[in-house]
Amino acid sequence: MALRFSNPILRLEAPPRGLSSLQSSRARISLPQGFFCQRRRFEKNPNLFVTAAVVPAATLVSSDNEEQNTLLSPNDSTQEQKRKMCEMYGFTQIGDPVPDNVTLKDIMDTLPKKVFEIDDVKAWKSVLISASSYALGLFFISKAPWYLLPLAWAWTGTAVTGFFVIGHDCAHKSFSKNKLLEDIIGTLAFLPLIYPYEPWRFKHDRHHAKTNMLSEDTAWHPVWEEEFESSPALRKAIIFGYGPFRPWMSIAHWLMWHFDLKKFRPNEIGRVKISLACVFAFMAIGWPLIILKSGIVGWFKFWLMPWLGYHFWMSTFTMVHHTAPHIPFKHAEEWNAAQAQLGGTVHCNYPRWIEILCHDINVHIPHHVSPRIPSYNLRAAHESLQQNWGKYLNEANWNWRLMKTIMTMCHVYNKDRYYVPFDDIAPQDSQPITFLKNFMPDYA
């Protein structure tokens, strides 16, 4: 097979020691800073790999003639490059890099003033949608035969995710002009999820202030290589957590970030304790009542399974929002707010029933441009961003290829490549990743 490399700055070299397990028979490309790589296996020769440079992700392009493959470079057609990147990663659009001279205020100033307006009727309509859909889900669980229970749990878990989004709006002060009411509603909305409202609010504010900033962002974060190599047991746990268990890793985040008082400032401790007391009271009263009424099996059916459904969406939404092979995490000295919030956030379309039950939380780019935009105004704000900043937006439809890309490629932090897959570093421990590559469909 003939390979044509159109960029003279690319060069082949032996794999760096300790970084990759590629055998000597496999080719590797060394890249200058600012580029990163993607490995692909050729179907006709499974022992031959090529690592493709991308800007921020160029890609290996297969022509109609299978014997010819082209590596796109910065000098090639940008549109063709992006089209192939979209095809490879499961995106519908990959945005241009946001210019250094663009500020977050510049972007916010282009948004219509009406998208910031709080509408009490629309806010309480969202509460009605969540409460009624959740009640319908519980009714469905109570009446469904065993073979329909997974559908009932999926609906109910999605419905209760809407409660989280309502609390999310309250935390951002975009639910009501009455701030005490917001704190009450936010606390109550989080209770069925046993999520402490104030601890989450404090950590979530930091996520917005430090989006995609290494060591500072409190949401999804690349794995540090030092942590990955620190012990065999931890390495295996990380591989499972960022691999097959990734759609439920928000459970670990919930446990690690929200119950330890040492993680909060002294002026936050009082409000944190109130939220923790509410959560523990719900567990001490609500769980025994469920068990008293329907037994342990009822607790499993009516609470645990919908809760796991909620965490599936919590994990999936948050990782899709900010994780892709071409979206970098940066150190504080290199970080740019406009680039992180506009160019480092992904808009993802889900089936309409999910969007309705989850109050458009996945129309996520305007939410990161300004968290004060209420959820019911996010679509209007996104339309404005498309009109004024459309070429910088990253957009996708939720699909198997998108999930497969995140779960099998976006693992260990590397400054030049952004992400290094686990199986590049520790192939002997990466059987879960190999399983996902072989098992997950590749439909986009």
# chains A, B, ... in the order shown; residues from 1 in each chain; ligands from 1
>>> residues_around(residues="range 218-232 of chain A", least_positions_apart="4", cutoff="6 Å", atoms="only C-alpha atoms", output="list in words")
His207, His411, Val412 and Tyr413 of chain A
>>> write_last_selection(atoms="C-alpha atoms", output="PDB file, in the first residue's frame")
ATOM      1  CA  HIS A 207     -16.103  24.069  36.424  1.00  0.00           C
ATOM      2  CA  HIS A 411      -7.711   8.890  27.990  1.00  0.00           C
ATOM      3  CA  VAL A 412      -4.271  10.097  29.125  1.00  0.00           C
ATOM      4  CA  TYR A 413      -3.192  13.739  28.869  1.00  0.00           C
TER       5      TYR A 413
END
>>> residues_around(residues="Cys86 in chain A", least_positions_apart="5", cutoff="12 Å", atoms="only C-alpha atoms", output="MDAnalysis selection string")
chainID A and resid 57:59 61 79:81 91:95 324:326 394:397 401:402 405 444
>>> residues_around(residues="range 136-150 of chain A", least_positions_apart="5", cutoff="10 Å", atoms="only C-alpha atoms", output="ChimeraX atom specification")
/A:130-131,155-160,298,301-303,305-306,309
>>> select_by_dssp(residues="range 107-240 of chain A", states="helix (DSSP H, G or I)", output="count of residues only")
97
>>> residues_around(residues="range 239-250 of chain A", least_positions_apart="5", cutoff="8 Å", atoms="only C-alpha atoms", output="ChimeraX atom specification")
/A:308,311-316,407-408,411,422,429-430,432-433,436
>>> write_last_selection(atoms="C-alpha atoms", output="PDB file, in the first residue's frame")
ATOM      1  CA  LEU A 308     -28.497   4.543  37.814  1.00  0.00           C
ATOM      2  CA  HIS A 311     -26.147   8.740  36.358  1.00  0.00           C
ATOM      3  CA  PHE A 312     -25.911   7.294  32.859  1.00  0.00           C
ATOM      4  CA  TRP A 313     -27.160  10.610  31.500  1.00  0.00           C
ATOM      5  CA  MET A 314     -25.139  12.658  33.985  1.00  0.00           C
ATOM      6  CA  SER A 315     -21.945  10.900  32.914  1.00  0.00           C
ATOM      7  CA  THR A 316     -22.771  10.828  29.209  1.00  0.00           C
ATOM      8  CA  MET A 407     -14.448   5.813  25.464  1.00  0.00           C
ATOM      9  CA  THR A 408     -11.605   4.218  23.468  1.00  0.00           C
ATOM     10  CA  HIS A 411      -7.711   8.890  27.990  1.00  0.00           C
ATOM     11  CA  PHE A 422      -4.657   3.551  27.283  1.00  0.00           C
ATOM     12  CA  ASP A 429      -3.868  -4.056  30.825  1.00  0.00           C
ATOM     13  CA  SER A 430      -6.150  -2.558  28.182  1.00  0.00           C
ATOM     14  CA  PRO A 432     -11.463  -3.537  28.399  1.00  0.00           C
ATOM     15  CA  ILE A 433     -10.604  -0.959  25.735  1.00  0.00           C
ATOM     16  CA  LEU A 436     -15.085  -1.786  23.533  1.00  0.00           C
TER      17      LEU A 436
END
>>> select_by_dssp(residues="range 187-435 of chain A", states="strand (DSSP E)", output="list in words")
Val346, His347, Cys348, Asn349, Asn394, Glu395, Ala396, Asn397, Val412, Tyr413, Asn414, Tyr418, Tyr419 and Val420 of chain A
>>> write_last_selection(atoms="all heavy atoms", output="short mmCIF file (atom, residue, chain, number, x, y, z; two decimals), in the first residue's frame")
data_model
loop_
_atom_site.label_atom_id
_atom_site.label_comp_id
_atom_site.auth_asym_id
_atom_site.auth_seq_id
_atom_site.Cartn_x
_atom_site.Cartn_y
_atom_site.Cartn_z
N VAL A 346 -19.16 21.22 23.39
CA VAL A 346 -19.80 20.55 22.26
C VAL A 346 -21.32 20.65 22.37
O VAL A 346 -21.89 20.38 23.43
CB VAL A 346 -19.38 19.06 22.19
CG1 VAL A 346 -20.14 18.33 21.09
CG2 VAL A 346 -17.87 18.94 21.99
N HIS A 347 -21.95 21.06 21.27
CA HIS A 347 -23.41 20.99 21.16
C HIS A 347 -23.77 19.63 20.60
O HIS A 347 -23.30 19.24 19.53
CB HIS A 347 -23.92 22.08 20.23
CG HIS A 347 -25.38 21.93 19.89
ND1 HIS A 347 -26.38 22.46 20.68
CD2 HIS A 347 -26.00 21.30 18.86
CE1 HIS A 347 -27.55 22.16 20.14
NE2 HIS A 347 -27.35 21.46 19.03
N CYS A 348 -24.61 18.88 21.32
CA CYS A 348 -24.97 17.53 20.88
C CYS A 348 -26.49 17.39 20.85
O CYS A 348 -27.16 17.71 21.84
CB CYS A 348 -24.36 16.48 21.80
SG CYS A 348 -24.58 14.78 21.21
N ASN A 349 -27.01 16.93 19.72
CA ASN A 349 -28.45 16.70 19.58
C ASN A 349 -28.78 15.27 20.00
O ASN A 349 -28.15 14.31 19.52
CB ASN A 349 -28.87 16.90 18.12
CG ASN A 349 -28.67 18.33 17.67
OD1 ASN A 349 -29.17 19.27 18.29
ND2 ASN A 349 -27.93 18.51 16.58
N ASN A 394 -18.45 23.38 17.70
CA ASN A 394 -18.36 21.92 17.57
C ASN A 394 -19.74 21.33 17.82
O ASN A 394 -20.34 21.57 18.88
CB ASN A 394 -17.36 21.36 18.58
CG ASN A 394 -15.93 21.73 18.26
OD1 ASN A 394 -15.34 21.20 17.32
ND2 ASN A 394 -15.37 22.66 19.02
N GLU A 395 -20.23 20.57 16.84
CA GLU A 395 -21.59 20.05 16.93
C GLU A 395 -21.62 18.57 16.55
O GLU A 395 -20.82 18.12 15.71
CB GLU A 395 -22.54 20.84 16.03
CG GLU A 395 -22.62 22.31 16.41
CD GLU A 395 -23.63 23.09 15.58
OE1 GLU A 395 -23.97 22.62 14.46
OE2 GLU A 395 -24.07 24.14 16.05
N ALA A 396 -22.55 17.84 17.16
CA ALA A 396 -22.68 16.41 16.88
C ALA A 396 -24.11 15.98 17.13
O ALA A 396 -24.88 16.66 17.84
CB ALA A 396 -21.74 15.60 17.77
N ASN A 397 -24.48 14.87 16.54
CA ASN A 397 -25.67 14.13 16.92
C ASN A 397 -25.20 12.94 17.75
O ASN A 397 -24.20 12.30 17.42
CB ASN A 397 -26.45 13.64 15.70
CG ASN A 397 -26.98 14.78 14.86
OD1 ASN A 397 -27.47 15.78 15.39
ND2 ASN A 397 -26.87 14.65 13.55
N VAL A 412 -5.39 9.52 28.36
CA VAL A 412 -4.27 10.10 29.13
C VAL A 412 -3.83 11.42 28.50
O VAL A 412 -3.68 11.53 27.28
CB VAL A 412 -3.09 9.11 29.18
CG1 VAL A 412 -1.92 9.70 29.95
CG2 VAL A 412 -3.55 7.79 29.82
N TYR A 413 -3.60 12.41 29.36
CA TYR A 413 -3.19 13.74 28.87
C TYR A 413 -1.80 13.71 28.25
O TYR A 413 -0.88 13.09 28.76
CB TYR A 413 -3.19 14.75 30.02
CG TYR A 413 -2.56 16.07 29.64
CD1 TYR A 413 -3.23 16.96 28.81
CD2 TYR A 413 -1.28 16.41 30.08
CE1 TYR A 413 -2.65 18.16 28.43
CE2 TYR A 413 -0.69 17.61 29.71
CZ TYR A 413 -1.39 18.48 28.89
OH TYR A 413 -0.80 19.66 28.51
N ASN A 414 -1.70 14.40 27.12
CA ASN A 414 -0.41 14.63 26.47
C ASN A 414 -0.46 16.01 25.85
O ASN A 414 -1.41 16.34 25.14
CB ASN A 414 -0.14 13.56 25.40
CG ASN A 414 1.18 13.76 24.69
OD1 ASN A 414 1.25 14.50 23.70
ND2 ASN A 414 2.22 13.12 25.19
N TYR A 418 -2.83 15.87 22.94
CA TYR A 418 -4.06 16.11 23.71
C TYR A 418 -4.45 14.85 24.49
O TYR A 418 -4.62 14.91 25.70
CB TYR A 418 -5.22 16.57 22.85
CG TYR A 418 -5.00 17.86 22.09
CD1 TYR A 418 -5.93 18.29 21.16
CD2 TYR A 418 -3.86 18.63 22.26
CE1 TYR A 418 -5.75 19.47 20.44
CE2 TYR A 418 -3.65 19.81 21.56
CZ TYR A 418 -4.61 20.22 20.64
OH TYR A 418 -4.42 21.37 19.94
N TYR A 419 -4.65 13.73 23.81
CA TYR A 419 -5.00 12.48 24.47
C TYR A 419 -4.16 11.34 23.91
O TYR A 419 -3.90 11.29 22.70
CB TYR A 419 -6.47 12.12 24.24
CG TYR A 419 -7.47 12.97 24.98
CD1 TYR A 419 -8.14 14.01 24.33
CD2 TYR A 419 -7.78 12.72 26.32
CE1 TYR A 419 -9.08 14.78 25.00
CE2 TYR A 419 -8.71 13.48 26.99
CZ TYR A 419 -9.36 14.51 26.33
OH TYR A 419 -10.29 15.27 26.99
N VAL A 420 -3.75 10.42 24.79
CA VAL A 420 -3.11 9.17 24.38
C VAL A 420 -4.00 8.03 24.88
O VAL A 420 -4.34 7.98 26.06
CB VAL A 420 -1.70 9.02 24.99
CG1 VAL A 420 -1.08 7.70 24.57
CG2 VAL A 420 -0.81 10.18 24.56
#
>>> atom_distance(atom1="CA of Lys177 in chain A", atom2="CA of Ile118 in chain A")
7.3 Å
>>> closest_residue(among="A:Ile107, A:Asp96, A:Ile296, A:Ile285", to="His382 in chain A", atoms="only C-alpha atoms")
A:Ile107
>>> residues_around(residues="Ala340 in chain A", least_positions_apart="3", cutoff="12 Å", atoms="only C-alpha atoms", output="JSON, numbers by chain")
{"A": [97, 98, 99, 100, 102, 103, 104, 207, 208, 209, 210, 211, 212, 213, 214, 217, 321, 322, 323, 327, 328, 329, 330, 331, 332, 334, 335, 336, 337, 343, 344, 345, 346, 365, 368, 369, 392, 393, 394]}
>>> closest_residue(among="A:Leu289, A:Ala135, A:Ile238, A:Ala338", to="Asp106 in chain A", atoms="only C-alpha atoms")
A:Ala338
>>> atom_distance(atom1="CA of Phe202 in chain A", atom2="CA of Ile406 in chain A")
27.1 Å
